[in-house]
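First the structure, in the form of structure tokens, and then the observations on it.
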Amino acid sequence: MNVNEEEHVMLSYSWKSQKIVKQIYNLLRKENIPVWFDIQGGMKVDIYKSMAKGVENAFVVYCFMSPEYQESDNCKLELKYAQTRRKRIIPCIVTDTQGWKPSDWLGLITAGLLYVNFKDYSEKQIELKTKELIGHIQENSFSKESFCEPTYLIELIKYKYTQRENTHVQSIFDGNRFYPIKVNSFHFKNHQIEDLEGKHRILITGPNGIGKTSLCQYLAYQWSINSFACQYKHLIFIRLRHLTMYQYPPNETYSIFNLINKEIFGNNLSQDDEKLFESSFDIRQTLWILDGYDEILLNIPPHLGSLLKQLMNMLFQIVTSQSMTKIFSNHFQMEIIGFNQQNIEEYCEEKVLFEFVKKNQRIWGFAHVPMHMEMIWNLSLRENLQDLTITKLYSKIIELLCEKNEKVEEFFATLAFNAMKNNTIILRSSLIKPILAEMRLSQEEYFSIKNLRIWKKSANDQQIDGDYYFISTAFQEYFTAKYLIKENQLWKIILEKPLDLVGITHIQLIIFCLEQSNLLERVELFHPIIKWIEFILSPRYFHIYKHFLDSLQFNHSLSHLNSLNDLFIKLLRSRDSNEKLNVCYLISKLSFETPSQLLIQMLIKTFDDKDSDVRESACKAMVSMAEKSSNDNIMKNLVIALSNGSNYIRQYACRTIENICEENVITDEVGRKLVDLLRDEDEFVRKNACQALGKLREKNEVVDYLISALRDEDENVCTNVCKILQQIGETNVSNELINKLLGSLKHKIASIRQYSCVILGDLGEKVMKREVITELLSATNDESYFVRGAACQALGKIGSQVLLDEIFSKLLFSLEDNKDYVRMHACEALGSLGAKITTNEVIGRLIFSFNDQNETVRDHACLAMANIGRYFEINQITRKLLNAIHHENPYVRQYACLTLGKMSEYSARGEIIEKLISALSDTDEYVRMSICQSLGQIGKDFRTNEITEKLIATLQDESENVQRYACISLRKLGETIETNRIIRDLIMKTKNEDESIRMKAYISLDEISKREISNEFWDKLVNTLEHENEYIYQYVCLARGKTENNQVISRLRDAMAERNENIQRYACKALAKLGESAANEEIIGQLRVLLNDSNEFIRGNACETLRSFREKAIQTEVIGELMKRLIDDDEHVRFSAFQIIECFTQIEETNLVIKYLISGIEHEDEFIRLYSCLLLRNMKEKQVTHEIIDKIGKLLEDHEVNIQISACETLGIIGKLVETERICQKLVHFIENNRNSRLRASLCQTIGNLGEKLRTNPVFTEFLRVALTDNNDSVRLNAYQALASLSAITDEILLIALEDESKAIRKYACEYLSQSRAKNFVIKRLFQCLKDEDQFDLVTIRSLIEKFSSETSQFDTELVEYLYQYVDRFGFCDLNIVELFEKFVSTNEYAWLSVAVLATIFKGYAVCLEEHQLIMYDEKELVKVDCFNEDFSRKIIETFRRERERLEFPSIEIPTHFLQAEHQKILSTEQINQEGCSVLCNLL
């Protein structure tokens, strides 16, 4: 066996098979075969490198398969790497497990490979099988695969991501329990998980426990199996919380590769592997997944800061964080929102638990967080959840995790609080040890605490006193709040300095704390909050309202306050729509358990507001209150509102009831009121009342209400009622419903009887009962024909087996009804009952209906017969229809023929064809038409040739309609038979002496010519062009446009010479379709003649034909004639000639056309001069000469203004192609002599087109500057645009443009500014433009101001003052606030401080001053600005105070002495909930 020196056979096995593999190894070595065997020197210290080397140099890999091999992670890694490197694999089975076969990953790899089975472990058997292995090697010749680099390190990364730690989530309660990560568990706000593909930098946000880390694990796993981000060579998943000083000691420096080695490879890479990885690593082919940015932001050790910065600057990254910060401003943002209802239901496993969670709104509100759902599920296994609240849930879970040890809980509370003070989530030993000492915990107690599952040690941290972190920051927040409450420090922290200088966050904190307290009965504490609510509801401060709303919408206490109810009532009386919108929106967010009577009435009154948005908001607010309220006061008021005199109030009262309908709150009184409204004068009220009644479908009385509504004259109301009754029937066809509908069949109002029939019919088989059929049969005798028709239709839809004879009898009787509507539905019903028909009487009566005077009835009878034929004895029906072909009534004969065609699929077609063909001699043309139609259907797959011959013969029919139907059928048959055969017969007809026969043949050929036909038969057809009838020529000439044939072209040339104008026109059209292939000297000569024809249509057709010939038509004589046509009397001809010459200028490389055009610009006729000048714009660069420029320049002096403008524009266009000095001279002369505003506007445009080429010539710049003062708007606008193209527009010019009286010019100035930078005085003018709302587009001006305000460093003091006014007016606060404060500190100019303070207030930041340092809390990110001295600090505090007073910010006057006296009652541990803990900690 030939094996290269470096190659070997690799033995891959599991430890249990080692003995037999060792025997095989020895046998292979005896044959001098090099073998890699791990226990014989194959495995070195670096196991991964050794394994990789074994695979890389393997000639073949023997894998010894067994159940243990399949379960081994190392074996899996080894064999998958061999597969990746395309090594030959020979599988060997070495297990005594009966019937075992490889499956899962092993089955996939070895599928289709020939196994060697070592089922017998005897020495002899092993020798035989080993020889078989050697034989397999010798049977094939292999060449070693060549790869540019080993990939085993990539395989190791992928292998890591496929391990359970990345594919499952560990339970927080049971370390041995793991939950698989499923893709359907990830849901995003306004996005899908697929949106993660194709983006370079992505930020994923979401609260604690929502599944951000699980998503990262899932993405890493998907990459490892080539299902995500396959374009990346590497995917590096880093948990940022691991960047601690214990894992990365400060006495070393760390690179990206050090990080990867530790986090991905566990520091197991050898130096060689490190070098190999670094050499193959490419940042541009690497996707980084960085989990938990918010967790590390304030905790990053100083020596790792640069490493974190490197990571955050990676080209391709997915980062997770609780919130958005400035560093992610350029990231594609996705918010993960956790479980949906289906996920929660799957997680609950038991329906009882799911129903409980769903009904408990507070629990349902946070059950979408996966971590919370696990807590609920685990707690449900231990105790009854009936009285569970969020607070109790967390208390129970913490009690469980802390093993019911109060001392342990106290330890964690103290630790969490100290961590919060240090702005860290990493619990370092420097925090832990002092607490242990203070609490005097023993080593045993500390050891037990360390093993609790509520916190974890940082990954790979081998230190005894390493770093820890809570399994969720939610637990840290909970413990922190618990500590504050226990130590009675909460109000001290809140009310003592440093205070929030803005106040918004401060009042939010107070609201939250009062909400959690026992002080709800002391309403005086809430007075400041009511003042704040009134303040922020003002439309002026809507931007503050948005920040404030979060602290109100979860508040359950405020809604109990009469003062808040009074405030809302007061504001709802306001005339300001925006204020009312804000009030309604806030009401919808608050929890009103007992809203006041006056507030309810005021909201109902708001239903009548003139603003539709206010009405909608009031309706939503009322619905929200009703859902959260426990009394029926709201419903009582809504019932009263149903009788209000205002249409709007009645309408929105109905809508409100519709949205809050529940069986336990809707009374009979409500139902009766809604029914009364079904007769309301306003159609929208009736419609909304009907929809509200639909929500009452579970109540028996609602059927009565709805049935009574069927009397409404408004069809929409009746339609809605029917839909609702049908929905009721679909879900539950109760006897009660059926009885109600049957009773309504006797109602005195016909429309109710009609719609009751319709509903019963739509319910179909569900109402197949004797009493239903009986009543419907009676309804077929109703005095109203609408009821009779609906009853027939219903009988057909129900399809009952009950009373079938009576049904047929009634339907047959209805066929003789005097109303078309009834007869039509009777036919339809009989067709629906086709499978149940067993008598000839029905067939006969339906055939008789073919004689009906109404076409719709006849059509329905035909369709019914065709449907019955599917089930009834077909021969009987066929015989009756064949007999009907000879009926005395032509309608019967016509529809009998049509029905036979429809039944052709399942009837005796031979006899039918013979009868139909014989009937082609019928005297009625409509009968013959129907026969042609039916023959076309039958002949598709039966006796096609025979039918084709008959149809061709029918082309001689005296009726053009019959001929047309025959043609259509022939065309259909042409799709199934040899089309040429039909054409052959038709061509024979074209030679008939009878002109009418020839004409009909041409009609058919025209139909068939829509298909592709061979040239052979076109040649034959061309020979028919010998008759003089003009229409024959027309049809053939039109058909000729589809083929290329010399004889055809010759005939068409002769046709152009005909005296008949129509023939000439159609010949031109046919040649135009043929295009260049038809162009020859004779044809072009004949077209030149036609260009001078007296008929303008022929001249126009000749032009179009020449245009289709393209360059073949470019001849001196042709161009000369076309130039003459530029002054043709007919506008269409002139335009056609212009288009042809323009086409020639674009395709001709010679100067022939140009010469004629040069002559044309000197022509005496003004049109030729104008068109010639326009056409010269298409010249190529090499065609432009001084002579041409001079002659075009001469046109600038033409007495016709249009020609002067055309010349000016032409010079501008050709000036882009050539050197412009000569053109400049012409234009300069033109500038000096023009007086017409249109000429000046054109000249400005031309200068703009030439752009930079004229920039150095001051004459043009000066002309444009003068043009800026022109009286004509177009001149000024073109001048501004030209100056921009010359790069000569200045800020001063822009300022003039902004003040121009022309709106178009002001708009252009704004557009120009949006793409450039502007100086301060221009920006200042933009601010001034805001004062004149009538003259300027405020949206555009504001967008420009806000664009330039993003960089305020170059603003002067006056401009900053303008910015302050702008911020105050519009609430704009998207400014770099830190830059503004720093600018104040550096300049000591008050203007900077004013705008900085105002923007900070409008942003809702929390701000305080401490030790001459300004601290701002910006969306969970602390920002600090040094103030340096007491003077600056004093000015900042004073400015905040002044702005608060100017904005009329309410003061915060909580009686501190009162709170101190009552502090024992505040925020007891039994009251605060987890959500509250999180809010509290974030606010603090």
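By convention in this document, the chains of the structure tokens carry letters A, B, ... by their order, each chain's residues are numbered from 1, and ligands are numbered from 1 in the order they are shown.
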Neighbour list for Leu830 (chain A) as a PyMOL selection string, cut-off 12 Å, only C-alpha atoms, skip fewer than 5 positions in-chain: chain A and resi 792-799+804+807-815+823-825+835-839+841-843+845-846+860-869
Might you pull out every residue within 6 Å of region 1111-1128 of chain A, with only C-alpha atoms counted and same-chain residues fewer than 6 positions away left off, and present them as a PyMOL selection string?
-> chain A and resi 1134+1137+1168
Based on DSSP run over this structure's backbone, return all residues of region 72-249 of chain A in strand (DSSP E), as a VMD selection string. chain A and resid 89 to 93 116 to 117 168 to 170 178 to 180 201 to 205 234 to 239
Margin query: Taking 4 positions as the minimum chain separation for residues in the same chain, which residues sit within 10 Å of Ser72 (chain A) when counting only C-alpha atoms? Answer as a PyMOL selection string.
Written below: chain A and resi 13-15+66-68+76-78
File of the preceding selection, C-alpha atoms, as a PDB file, in the first residue's frame:
```pdb
ATOM      1  CA  TYR A  13     -12.779   5.433  19.170  1.00  0.00           C
ATOM      2  CA  SER A  14     -14.336   5.740  22.615  1.00  0.00           C
ATOM      3  CA  TRP A  15     -12.636   4.512  25.819  1.00  0.00           C
ATOM      4  CA  SER A  66     -20.734   2.307  19.507  1.00  0.00           C
ATOM      5  CA  PRO A  67     -23.390   3.915  21.718  1.00  0.00           C
ATOM      6  CA  GLU A  68     -20.550   5.305  23.856  1.00  0.00           C
ATOM      7  CA  LYS A  76     -18.072  13.984  17.874  1.00  0.00           C
ATOM      8  CA  LEU A  77     -15.602  16.838  17.577  1.00  0.00           C
ATOM      9  CA  GLU A  78     -12.965  14.548  16.102  1.00  0.00           C
TER      10      GLU A  78
END
```
Open item on the list: Need the shell around region 1313-1316 of chain A: protein/DNA/RNA residues with any atom at most 12 Å away, counting only C-alpha atoms. Skip same-chain ones fewer than 4 positions apart. Format as a ChimeraX atom specification?
Closed with: /A:1284,1287,1289-1291,1293-1295,1297-1298,1306-1309,1322-1323,1326,1340-1348
Self-check item: Neighbour list for Leu1363 (chain A) as a ChimeraX atom specification, cut-off 10 Å, only C-alpha atoms, skip fewer than 4 positions in-chain
Solution: /A:1323-1324,1327,1345-1346,1349,1352,1355,1357-1359,1367-1369,1372,1391-1392,1394-1395
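CA of Val1407 (chain A) sits 26.3 Å away from CA of Gly305 (chain A).
All residues in region 1321-1365 of chain A with a DSSP state of helix (DSSP H, G or I), computed from the backbone, read Phe1321, Val1322, Ile1323, Lys1324, Arg1325, Leu1326, Phe1327, Gln1328, Cys1329, Leu1338, Val1339, Thr1340, Ile1341, Arg1342, Ser1343, Leu1344, Ile1345, Glu1346, Lys1347, Phe1348, Thr1357, Glu1358, Leu1359, Val1360, Glu1361, Tyr1362, Leu1363, Tyr1364 and Gln1365 of chain A.
Closest to Ile1063 (chain A) among A:Asn1101, A:Ser1094, A:Asn961, A:Asn1249 is A:Asn1101, based on only C-alpha atoms.
In this comparison, which uses only C-alpha atoms, the residue of A:Lys1180, A:His506, A:Lys902, A:Arg201 approaching Gln933 (chain A) most closely is A:Lys902.
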